[in-house]
$ cat structure27.cif   # mmCIF, C-alpha atoms
data_start
#
loop_
_atom_site.label_atom_id
_atom_site.label_comp_id
_atom_site.auth_asym_id
_atom_site.auth_seq_id
_atom_site.Cartn_x
_atom_site.Cartn_y
_atom_site.Cartn_z
CA MET R 231 240.20 108.54 96.96
CA ASN R 232 239.54 107.74 93.31
CA THR R 233 237.99 110.87 91.77
CA SER R 234 236.56 108.94 88.83
CA PHE R 235 234.66 106.57 91.12
CA LEU R 236 233.43 109.52 93.18
CA LEU R 237 232.05 111.30 90.09
CA LEU R 238 230.49 108.04 88.89
CA SER R 239 228.89 107.64 92.32
CA VAL R 240 227.33 111.10 92.10
CA VAL R 241 225.91 110.31 88.66
CA ILE R 242 224.51 106.96 89.89
CA GLY R 243 222.90 108.65 92.90
CA PHE R 244 221.47 111.39 90.67
CA ILE R 245 219.88 108.82 88.34
CA LEU R 246 218.49 106.83 91.27
CA GLY R 247 217.05 110.06 92.69
CA ILE R 248 215.29 110.81 89.42
CA PHE R 249 213.82 107.31 89.42
CA SER R 250 212.71 107.33 93.07
CA GLY R 251 211.39 110.88 92.74
CA LEU R 252 209.29 110.18 89.66
CA VAL R 253 208.07 106.65 90.37
CA PRO R 254 205.24 106.45 92.92
CA GLY R 255 205.89 104.16 95.87
CA ILE R 256 209.69 104.17 95.64
CA HIS R 257 210.96 106.11 98.64
CA THR R 258 214.54 107.35 98.79
CA ASN R 259 215.05 105.23 101.93
CA THR R 260 214.45 102.09 99.85
CA PHE R 261 217.58 102.71 97.78
CA SER R 262 219.50 103.88 100.86
CA PHE R 263 218.94 100.61 102.72
CA ILE R 264 219.73 98.52 99.63
CA LEU R 265 222.96 100.46 98.99
CA ALA R 266 224.01 100.08 102.62
CA ALA R 267 223.36 96.34 102.43
CA PHE R 268 225.42 95.99 99.25
CA SER R 269 228.27 98.27 100.42
CA PRO R 270 230.72 95.34 100.99
CA ILE R 271 230.18 94.21 97.40
CA LEU R 272 230.47 97.78 96.10
CA ASP R 273 233.71 98.17 98.05
CA GLU R 274 235.17 95.18 96.23
CA LEU R 275 234.21 96.85 92.93
CA GLY R 276 236.19 99.96 93.87
CA PHE R 277 233.47 102.10 95.45
CA SER R 278 234.85 103.27 98.81
CA PRO R 279 232.53 104.05 101.75
CA VAL R 280 232.68 107.74 100.81
CA CYS R 281 231.60 106.86 97.26
CA VAL R 282 228.63 104.84 98.53
CA ALA R 283 227.73 107.71 100.88
CA ALA R 284 227.90 110.04 97.85
CA ILE R 285 225.41 107.81 96.00
CA ILE R 286 223.03 107.89 98.97
CA ILE R 287 223.28 111.66 99.44
CA SER R 288 222.89 112.38 95.72
CA ASN R 289 219.87 110.09 95.57
CA ALA R 290 218.22 111.62 98.64
CA LEU R 291 218.75 115.23 97.52
CA THR R 292 217.64 114.67 93.92
CA HIS R 293 214.53 112.91 95.24
CA THR R 294 213.49 116.03 97.17
CA PHE R 295 213.44 118.00 93.90
CA LEU R 296 211.71 115.47 91.64
CA ASP R 297 209.06 114.05 93.99
CA ILE R 298 206.79 117.07 93.44
CA ILE R 299 206.02 115.85 89.89
CA PRO R 300 204.02 112.71 90.80
CA SER R 301 202.53 114.62 93.75
CA VAL R 302 201.07 117.27 91.45
CA PHE R 303 200.29 115.34 88.27
CA LEU R 304 199.34 111.93 89.69
CA GLY R 305 198.13 112.76 93.18
CA ALA R 306 200.66 110.21 94.38
CA PRO R 307 202.69 111.84 97.16
CA ASP R 308 205.15 110.24 99.53
CA ALA R 309 205.06 111.20 103.21
CA ASP R 310 207.16 114.34 102.68
CA THR R 311 205.07 115.88 99.90
CA SER R 312 201.60 114.82 101.02
CA LEU R 313 200.73 118.32 102.27
CA ALA R 314 201.60 119.79 98.88
CA VAL R 315 198.97 117.73 97.09
CA LEU R 316 195.93 119.91 97.78
CA PRO R 317 197.36 123.28 96.62
CA GLY R 318 199.35 121.54 93.88
CA HIS R 319 196.28 119.74 92.56
CA GLN R 320 194.22 122.91 92.68
CA MET R 321 196.82 124.61 90.52
CA LEU R 322 196.78 121.59 88.21
CA LEU R 323 193.00 121.76 87.87
CA ASP R 324 193.28 125.49 87.12
CA GLY R 325 195.84 124.77 84.40
CA TYR R 326 198.91 125.84 86.37
CA GLY R 327 200.47 122.47 87.24
CA LEU R 328 203.68 123.35 85.41
CA GLU R 329 204.00 126.48 87.53
CA ALA R 330 203.56 124.38 90.68
CA VAL R 331 206.53 122.25 89.63
CA ARG R 332 208.64 125.36 88.98
CA LEU R 333 207.69 126.83 92.37
CA SER R 334 208.70 123.60 94.08
CA ALA R 335 212.02 123.45 92.23
CA LEU R 336 212.69 127.06 93.19
CA GLY R 337 211.85 126.35 96.83
CA SER R 338 214.21 123.37 96.92
CA ALA R 339 217.05 125.24 95.18
CA GLY R 340 216.58 128.27 97.41
CA SER R 341 216.64 126.11 100.53
CA VAL R 342 220.05 124.75 99.51
CA VAL R 343 221.42 128.31 99.50
CA VAL R 344 219.72 129.23 102.78
CA SER R 345 220.80 125.98 104.46
CA LEU R 346 224.44 126.39 103.42
CA VAL R 347 224.43 129.96 104.77
CA LEU R 348 222.98 128.73 108.08
CA ILE R 349 225.21 125.66 108.45
CA LEU R 350 227.87 127.24 110.65
CA PRO R 351 225.56 129.13 113.08
CA MET R 352 223.19 126.15 113.24
CA ALA R 353 226.05 123.73 113.90
CA ILE R 354 227.49 125.94 116.66
CA PHE R 355 224.06 126.51 118.22
CA PHE R 356 223.00 122.85 118.30
CA ALA R 357 226.43 121.61 119.36
CA GLY R 358 226.00 123.82 122.43
CA VAL R 359 222.34 123.16 123.25
CA TYR R 360 222.06 119.51 122.21
CA PRO R 361 223.14 118.10 125.60
CA PHE R 362 220.22 120.04 127.12
CA VAL R 363 217.87 119.04 124.30
CA ASP R 364 218.89 115.41 124.67
CA GLN R 365 217.75 115.44 128.31
CA TYR R 366 214.23 116.50 127.35
CA ILE R 367 213.92 114.88 123.92
CA GLY R 368 210.96 112.81 125.08
CA TRP R 369 209.00 115.89 126.10
CA ILE R 370 209.97 117.68 122.88
CA LEU R 371 208.67 114.76 120.80
CA LEU R 372 205.47 114.70 122.84
CA VAL R 373 204.89 118.42 122.22
CA ILE R 374 205.46 117.88 118.48
CA VAL R 375 202.90 115.06 118.43
CA LEU R 376 200.36 117.27 120.22
CA VAL R 377 200.99 120.10 117.74
CA MET R 378 200.55 117.67 114.83
CA VAL R 379 197.21 116.50 116.20
CA TYR R 380 195.98 119.97 117.20
CA THR R 381 196.74 121.47 113.79
CA GLU R 382 194.87 118.69 111.96
CA ARG R 383 192.05 120.33 110.03
CA GLY R 384 190.81 117.36 108.05
CA GLU R 385 188.59 117.99 105.06
CA VAL R 386 187.54 121.62 104.87
CA VAL R 387 183.82 121.88 104.09
CA GLU R 388 182.13 125.25 103.88
CA GLY R 389 179.62 125.74 106.67
CA GLN R 390 180.93 123.03 108.97
CA GLY R 391 181.08 123.78 112.68
CA PRO R 392 184.28 123.93 114.77
CA LEU R 393 183.45 120.64 116.50
CA VAL R 394 183.97 118.80 113.23
CA ARG R 395 187.70 119.34 113.66
CA MET R 396 187.57 117.22 116.82
CA LYS R 397 186.51 114.27 114.68
CA TYR R 398 189.55 114.63 112.45
CA ARG R 399 191.82 115.07 115.45
CA MET R 400 190.50 111.80 116.84
CA PHE R 401 191.19 110.16 113.48
CA ALA R 402 194.73 111.56 113.65
CA VAL R 403 195.22 110.07 117.14
CA LEU R 404 193.91 106.69 115.94
CA LEU R 405 196.29 106.68 112.97
CA PHE R 406 199.20 107.72 115.18
CA LEU R 407 198.50 105.01 117.75
CA GLY R 408 197.77 102.33 115.15
CA SER R 409 201.02 102.93 113.30
CA GLY R 410 202.82 103.40 116.63
CA PHE R 411 201.78 100.00 117.97
CA LEU R 412 202.83 98.43 114.67
CA GLY R 413 206.19 100.14 115.08
CA LEU R 414 206.55 98.82 118.63
CA PHE R 415 205.77 95.29 117.44
CA ALA R 416 208.19 95.58 114.51
CA PHE R 417 211.12 96.91 116.55
CA GLU R 418 210.65 94.47 119.44
CA SER R 419 210.45 91.49 117.05
CA GLN R 420 212.97 92.51 114.40
CA ALA R 421 215.23 89.62 115.40
CA LEU R 422 212.73 87.42 113.55
CA MET R 423 213.86 88.89 110.22
CA ASN R 424 215.48 86.19 108.10
CA PRO R 425 216.40 87.68 104.69
CA LEU R 426 216.45 85.38 101.69
CA ILE R 427 219.67 87.14 100.66
CA MET R 428 221.91 88.25 103.52
CA VAL R 429 223.86 91.36 102.53
CA GLY R 430 224.66 93.48 105.55
CA GLU R 431 222.29 94.02 108.48
CA PRO R 432 218.58 93.95 107.53
CA SER R 433 216.55 97.00 108.59
CA ILE R 434 212.97 96.76 109.86
CA LEU R 435 212.45 100.34 108.67
CA MET R 436 212.38 99.14 105.08
CA PRO R 437 209.14 97.07 105.26
CA LEU R 438 207.63 99.47 107.82
CA PHE R 439 208.05 102.68 105.80
CA SER R 440 207.59 101.00 102.42
CA GLY R 441 204.18 99.77 103.56
CA LEU R 442 203.04 102.95 105.30
CA PHE R 443 204.15 105.48 102.71
CA GLY R 444 204.86 103.58 99.50
CA ALA R 445 202.71 100.53 98.87
CA SER R 446 199.64 102.06 100.53
CA MET R 447 199.75 104.99 98.12
CA LEU R 448 200.23 102.63 95.16
CA VAL R 449 197.12 100.64 96.08
CA ILE R 450 195.04 103.82 96.36
CA SER R 451 196.43 105.10 93.07
CA MET R 452 195.35 101.89 91.34
CA LEU R 453 191.81 102.39 92.66
CA THR R 454 191.44 105.95 91.41
CA ASP R 455 191.35 107.58 87.99
CA THR R 456 193.82 110.29 87.06
CA VAL R 457 192.36 112.99 84.77
CA ILE R 458 194.62 115.91 83.88
CA PRO R 459 193.12 119.04 82.28
CA MET R 460 194.87 121.16 79.67
CA GLN R 461 197.69 123.21 81.18
CA VAL R 462 197.75 126.86 80.16
CA SER R 463 200.80 128.48 81.75
CA SER R 464 204.08 127.80 83.55
CA ARG R 465 204.98 131.44 84.24
CA LEU R 466 205.72 132.33 87.87
CA ILE R 467 203.33 134.96 89.20
CA LEU R 468 204.18 134.76 92.91
CA PRO R 469 205.94 137.98 94.05
CA PRO R 470 209.68 137.51 94.79
CA LYS R 471 209.10 138.59 98.41
CA ARG R 472 206.65 135.72 98.96
CA ILE R 473 209.03 133.25 97.27
CA LEU R 474 211.86 134.38 99.56
CA ARG R 475 209.70 134.14 102.69
CA GLY R 476 208.42 130.68 101.79
CA THR R 477 211.97 129.48 101.10
CA VAL R 478 213.38 130.85 104.36
CA VAL R 479 210.50 129.54 106.48
CA GLY R 480 210.74 126.08 104.93
CA SER R 481 214.53 125.98 105.22
CA VAL R 482 214.54 126.99 108.88
CA ALA R 483 211.80 124.48 109.76
CA GLY R 484 213.62 121.70 107.93
CA SER R 485 216.90 122.68 109.57
CA PHE R 486 215.52 122.60 113.11
CA VAL R 487 213.71 119.27 112.97
CA ALA R 488 216.69 117.54 111.34
CA TRP R 489 218.34 117.44 114.79
CA LEU R 490 215.48 115.57 116.49
CA PRO R 491 215.01 111.76 116.39
CA GLY R 492 211.90 110.46 114.62
CA VAL R 493 211.00 113.91 113.31
CA THR R 494 211.11 113.84 109.51
CA SER R 495 210.58 116.60 107.01
CA ALA R 496 206.93 115.52 106.89
CA VAL R 497 206.62 116.70 110.48
CA ALA R 498 208.55 119.87 109.70
CA THR R 499 205.91 120.84 107.16
CA VAL R 500 203.40 120.96 110.01
CA MET R 501 205.65 123.46 111.76
CA ALA R 502 206.14 125.48 108.56
CA ARG R 503 202.40 125.79 108.01
CA LEU R 504 202.15 127.70 111.31
CA ALA R 505 204.28 130.47 109.75
CA VAL R 506 202.96 130.30 106.18
CA LYS R 507 199.23 130.87 105.89
CA GLU R 508 197.62 127.75 104.45
CA ASP R 509 194.72 129.28 102.56
CA TYR R 510 194.08 127.37 99.35
CA SER R 511 191.45 129.90 98.24
CA ASP R 512 194.21 132.54 98.10
CA ASP R 513 196.35 131.84 95.03
CA ASP R 514 199.48 133.49 96.45
CA SER R 515 199.18 131.62 99.75
CA ALA R 516 198.82 128.27 97.97
CA ARG R 517 201.87 129.01 95.84
CA GLU R 518 203.96 130.14 98.82
CA PHE R 519 202.94 127.00 100.69
CA ILE R 520 204.33 124.81 97.89
CA VAL R 521 207.62 126.75 97.98
CA SER R 522 207.80 126.34 101.75
CA ILE R 523 207.14 122.58 101.77
CA SER R 524 209.78 121.97 99.09
CA GLY R 525 212.26 124.01 101.11
CA VAL R 526 211.52 121.90 104.17
CA ASN R 527 212.25 118.61 102.40
CA THR R 528 215.54 119.70 100.88
CA ALA R 529 216.83 121.48 104.00
CA ASN R 530 216.00 118.43 106.10
CA ALA R 531 218.05 116.22 103.78
CA ILE R 532 221.04 118.57 104.08
CA TYR R 533 220.88 119.06 107.84
CA GLY R 534 220.50 115.36 108.48
CA LEU R 535 224.06 115.13 107.16
CA VAL R 536 225.23 118.06 109.32
CA ALA R 537 223.63 116.50 112.41
CA LEU R 538 225.50 113.26 111.74
CA TYR R 539 228.76 115.23 111.74
CA VAL R 540 228.05 117.52 114.71
CA ILE R 541 226.30 115.21 117.19
CA GLY R 542 227.03 111.82 115.63
CA ARG R 543 223.33 110.86 115.47
CA THR R 544 221.28 109.68 112.50
CA ARG R 545 218.00 111.49 111.84
CA SER R 546 216.69 109.84 108.66
CA GLY R 547 216.78 106.55 106.80
CA ALA R 548 219.37 107.94 104.39
CA MET R 549 221.61 109.03 107.29
CA VAL R 550 221.22 105.61 108.96
CA ALA R 551 222.48 104.11 105.70
CA VAL R 552 225.38 106.60 105.48
CA SER R 553 226.38 105.83 109.07
CA ASP R 554 226.28 102.08 108.39
CA VAL R 555 228.40 102.52 105.27
CA MET R 556 230.94 104.58 107.23
CA GLY R 557 231.22 101.82 109.83
CA GLY R 558 228.83 103.31 112.36
CA MET R 559 231.08 106.31 112.95
CA SER R 560 230.32 110.01 112.60
CA LEU R 561 231.68 111.87 109.59
CA ASP R 562 235.05 113.60 109.60
CA ALA R 563 235.42 117.19 108.39
CA ASN R 564 236.95 116.26 105.00
CA THR R 565 234.12 113.85 104.18
CA LEU R 566 231.52 116.45 105.20
CA VAL R 567 233.08 119.08 102.92
CA ILE R 568 233.18 116.61 100.00
CA LEU R 569 229.53 115.69 100.48
CA LEU R 570 228.48 119.36 100.78
CA ILE R 571 230.25 120.15 97.50
CA ILE R 572 228.40 117.21 95.94
CA ILE R 573 225.12 118.62 97.31
CA VAL R 574 225.70 121.95 95.55
CA GLY R 575 226.47 120.31 92.21
CA VAL R 576 223.59 117.83 92.43
CA SER R 577 221.16 120.61 93.44
CA ILE R 578 221.95 122.62 90.32
CA ALA R 579 221.47 119.57 88.10
CA ALA R 580 218.30 118.49 89.93
CA TYR R 581 216.76 121.96 89.60
CA PHE R 582 217.07 122.01 85.82
CA MET R 583 216.09 118.33 85.54
CA THR R 584 212.89 118.96 87.55
CA ILE R 585 211.83 121.77 85.23
CA TYR R 586 212.81 119.81 82.11
CA LEU R 587 210.88 116.69 83.11
CA GLY R 588 207.97 118.69 84.55
CA ASP R 589 207.42 120.34 81.17
CA ARG R 590 207.33 116.95 79.44
CA ILE R 591 205.49 114.77 81.96
CA LEU R 592 202.10 115.23 80.30
CA ASP R 593 203.31 113.67 77.04
CA VAL R 594 204.62 110.67 78.96
CA LEU R 595 201.45 110.18 81.02
CA THR R 596 199.31 109.95 77.90
CA ARG R 597 201.39 106.99 76.67
CA ILE R 598 201.51 104.74 79.75
CA ASN R 599 199.00 102.58 81.58
CA TYR R 600 199.17 104.12 85.05
CA ARG R 601 197.43 101.25 86.86
CA ARG R 602 199.73 98.70 85.24
CA MET R 603 202.77 100.75 86.20
CA CYS R 604 201.58 100.89 89.84
CA MET R 605 201.02 97.12 89.83
CA VAL R 606 204.54 96.45 88.53
CA ILE R 607 206.08 98.78 91.13
CA LEU R 608 204.01 97.26 93.94
CA THR R 609 205.09 93.75 92.93
CA GLY R 610 208.73 94.80 92.80
CA LEU R 611 208.50 96.53 96.17
CA THR R 612 206.96 93.42 97.74
CA LEU R 613 209.74 91.24 96.34
CA LEU R 614 212.41 93.62 97.66
CA VAL R 615 210.90 93.46 101.14
CA LEU R 616 210.79 89.65 101.02
CA VAL R 617 214.35 89.33 99.73
CA PHE R 618 215.97 91.78 102.16
CA THR R 619 213.88 91.25 105.32
CA GLY R 620 212.35 87.79 104.93
CA TRP R 621 208.88 86.57 105.77
CA PHE R 622 208.64 88.56 109.00
CA GLY R 623 209.42 91.75 107.08
CA LEU R 624 206.67 90.81 104.64
CA VAL R 625 204.22 90.46 107.55
CA VAL R 626 205.14 93.95 108.82
CA PHE R 627 204.86 95.29 105.27
CA ALA R 628 201.39 93.74 104.79
CA ALA R 629 200.18 95.16 108.11
CA ALA R 630 201.56 98.63 107.30
CA VAL R 631 199.76 98.93 103.94
CA PRO R 632 196.16 99.24 105.25
CA LEU R 633 197.34 101.60 108.00
CA GLY R 634 198.95 103.84 105.41
CA MET R 635 195.75 103.79 103.37
CA LEU R 636 193.75 105.15 106.30
CA ALA R 637 195.11 108.70 106.03
CA PRO R 638 193.50 109.72 102.73
CA TYR R 639 190.27 107.89 103.52
CA LEU R 640 189.99 109.56 106.92
CA LYS R 641 190.95 112.89 105.32
CA VAL R 642 193.92 113.42 107.63
CA ARG R 643 197.63 113.93 106.95
CA ARG R 644 199.94 110.99 106.30
CA THR R 645 202.33 112.62 108.76
CA HIS R 646 200.50 110.96 111.66
CA ALA R 647 201.67 107.54 110.44
CA MET R 648 205.13 108.60 111.65
CA GLY R 649 203.82 107.26 114.96
CA ALA R 650 205.49 104.04 113.79
CA LEU R 651 208.78 105.68 114.72
CA ILE R 652 207.80 108.39 117.20
CA LEU R 653 205.76 106.19 119.60
CA PRO R 654 208.62 103.68 120.11
CA LEU R 655 210.93 106.64 120.76
CA LEU R 656 208.49 108.08 123.30
CA MET R 657 208.31 104.70 125.05
CA PHE R 658 212.10 104.59 125.10
CA TYR R 659 212.61 108.11 126.50
CA PHE R 660 209.83 107.82 129.08
#

$ encode --input "structure27.cif" --output "structure tokens"
Amino acid sequence: MNTSFLLLSVVIGFILGIFSGLVPGIHTNTFSFILAAFSPILDELGFSPVCVAAIIISNALTHTFLDIIPSVFLGAPDADTSLAVLPGHQMLLDGYGLEAVRLSALGSAGSVVVSLVLILPMAIFFAGVYPFVDQYIGWILLVIVLVMVYTERGEVVEGQGPLVRMKYRMFAVLLFLGSGFLGLFAFESQALMNPLIMVGEPSILMPLFSGLFGASMLVISMLTDTVIPMQVSSRLILPPKRILRGTVVGSVAGSFVAWLPGVTSAVATVMARLAVKEDYSDDDSAREFIVSISGVNTANAIYGLVALYVIGRTRSGAMVAVSDVMGGMSLDANTLVILLIIIVGVSIAAYFMTIYLGDRILDVLTRINYRRMCMVILTGLTLLVLVFTGWFGLVVFAAAVPLGMLAPYLKVRRTHAMGALILPLLMFYF
């Protein structure tokens, strides 16, 4: 293996992660699918499959650090950080947006440490129980869906009765089923994809997820005004004990769901909120919640890689891309160790980069036209979908956008739009 190419790959992935983390509407899976498609060309240029996998992993991990910045300062979350918006925005409005970014960076960095400590026991545990879990995966997914719906609180209004929650739960079911039926249609008809440029195997997940979680958010962002008050402090005031608890809870939740199909870190945040009190009127609780959610996202990215090695199954778009690049095979021990070492190095760099950019984001936002930026990104995203999945992919993309827009308008979590993946899996297992 060429060490120079491997280091260059890590740097490329790190830069792509900064871009996808900071730019609204660009999900890490977008780059993952594109890199997997171009892997034969990259191989000819000297980038081995391990190098391409290193780009994908570096991109995905860096993204989990940086994506808190647009979530807090622009109100433009992707699916994985959508639950962080409310406490993050409240801190922003109170003048503590910079602290929110630091808390998130700390949660992500801490989850790397916790996840690496838990890798061996988690790997041994799931290697032993996975055959049993695999037999009942359909029921496990069904229970997770029910928990997601039951824990939906919707918009919290003082004085509202308990029956109001039933309305939001019904909205959650509608969003889940709507996105689920779109997912069924997309997967059953994916043979209709006819890319304008054929590089590798086209993935229907690209237009599906780009529409639900990327373009939909861009359209909403263009329709709303972003007003940022003066920020007064970036000093951390959350007690170390609460930071540690939030990190551990988030890491464990992210670690567990990484072994289940169709269950992303967005779903893991729902599980984490059961252990971390979600009380936005309590400053410490809001801060701990941000730490916990960030820990979930980063741990999920790490354990998706471990799951690919231990059980040979892909559990995220990035891991699907890594598996494709590696020829559809599971990872060997040497490759896993190399990628884990890369994760440690990238995490350190991403932590400091998140704080550095978070402290300077306000100066940048005052100099750009946010609506114009969203329009440019939306146009580029649409062109990517057309080029890599053809006209059918564009149809799926166009249908996914209004469904993705429903979540904020109905005042429910974007997590329910994961029905696009979970409902087809339920149909398959049942």

$ closest_residue --input "structure27.cif" --among "R:Met460, R:Val555, R:Ile573, R:Val449" --to "Arg601 in chain R" --atoms "all atoms listed in the file"
R:Val449

$ closest_residue --input "structure27.cif" --among "R:Leu538, R:Met447, R:Leu570, R:Ile473" --to "Pro638 in chain R" --atoms "only C-alpha atoms"
R:Met447

$ residues_around --input "structure27.cif" --residues "Ile572 in chain R" --least-positions-apart "6" --cutoff "8 Å" --atoms "all atoms listed in the file" --output "list in words"
Val240, Ala284 and Ser288 of chain R

$ closest_residue --input "structure27.cif" --among "R:Glu418, R:Asp554, R:Asp562, R:Asp364" --to "Ser269 in chain R" --atoms "all atoms listed in the file"
R:Asp554

$ atom_distance --input "structure27.cif" --atom1 "CA of Ile568 in chain R" --atom2 "CA of Gly588 in chain R"
29.6 Å

$ resolve_selection --input "structure27.cif" --expression "the PyMOL selection byres ((chain R and resi 434) around 9)" --output "PyMOL selection string"
chain R and resi 416-417+420+423+432-433+435-439+619+623+626

$ resolve_selection --input "structure27.cif" --expression "the PyMOL selection byres ((chain R and resi 394-407) around 8)" --output "ChimeraX atom specification"
/R:379-380,382-384,390-393,408-411,633,636-637,640-643,646-650,653

$ write_last_selection --input "structure27.cif" --atoms "C-alpha atoms" --output "PDB file, in the coordinates of the input"
ATOM      1  CA  VAL R 379     197.210 116.500 116.200  1.00  0.00           C
ATOM      2  CA  TYR R 380     195.980 119.970 117.200  1.00  0.00           C
ATOM      3  CA  GLU R 382     194.870 118.690 111.960  1.00  0.00           C
ATOM      4  CA  ARG R 383     192.050 120.330 110.030  1.00  0.00           C
ATOM      5  CA  GLY R 384     190.810 117.360 108.050  1.00  0.00           C
ATOM      6  CA  GLN R 390     180.930 123.030 108.970  1.00  0.00           C
ATOM      7  CA  GLY R 391     181.080 123.780 112.680  1.00  0.00           C
ATOM      8  CA  PRO R 392     184.280 123.930 114.770  1.00  0.00           C
ATOM      9  CA  LEU R 393     183.450 120.640 116.500  1.00  0.00           C
ATOM     10  CA  GLY R 408     197.770 102.330 115.150  1.00  0.00           C
ATOM     11  CA  SER R 409     201.020 102.930 113.300  1.00  0.00           C
ATOM     12  CA  GLY R 410     202.820 103.400 116.630  1.00  0.00           C
ATOM     13  CA  PHE R 411     201.780 100.000 117.970  1.00  0.00           C
ATOM     14  CA  LEU R 633     197.340 101.600 108.000  1.00  0.00           C
ATOM     15  CA  LEU R 636     193.750 105.150 106.300  1.00  0.00           C
ATOM     16  CA  ALA R 637     195.110 108.700 106.030  1.00  0.00           C
ATOM     17  CA  LEU R 640     189.990 109.560 106.920  1.00  0.00           C
ATOM     18  CA  LYS R 641     190.950 112.890 105.320  1.00  0.00           C
ATOM     19  CA  VAL R 642     193.920 113.420 107.630  1.00  0.00           C
ATOM     20  CA  ARG R 643     197.630 113.930 106.950  1.00  0.00           C
ATOM     21  CA  HIS R 646     200.500 110.960 111.660  1.00  0.00           C
ATOM     22  CA  ALA R 647     201.670 107.540 110.440  1.00  0.00           C
ATOM     23  CA  MET R 648     205.130 108.600 111.650  1.00  0.00           C
ATOM     24  CA  GLY R 649     203.820 107.260 114.960  1.00  0.00           C
ATOM     25  CA  ALA R 650     205.490 104.040 113.790  1.00  0.00           C
ATOM     26  CA  LEU R 653     205.760 106.190 119.600  1.00  0.00           C
TER      27      LEU R 653
END

$ atom_distance --input "structure27.cif" --atom1 "CA of Leu322 in chain R" --atom2 "CA of Ile299 in chain R"
11.0 Å

$ closest_residue --input "structure27.cif" --among "R:Gly484, R:Pro425, R:Gly413, R:Gly575" --to "Ala267 in chain R" --atoms "only C-alpha atoms"
R:Pro425

$ closest_residue --input "structure27.cif" --among "R:Leu238, R:Ile652, R:Thr584, R:Met635" --to "Leu453 in chain R" --atoms "all atoms listed in the file"
R:Met635
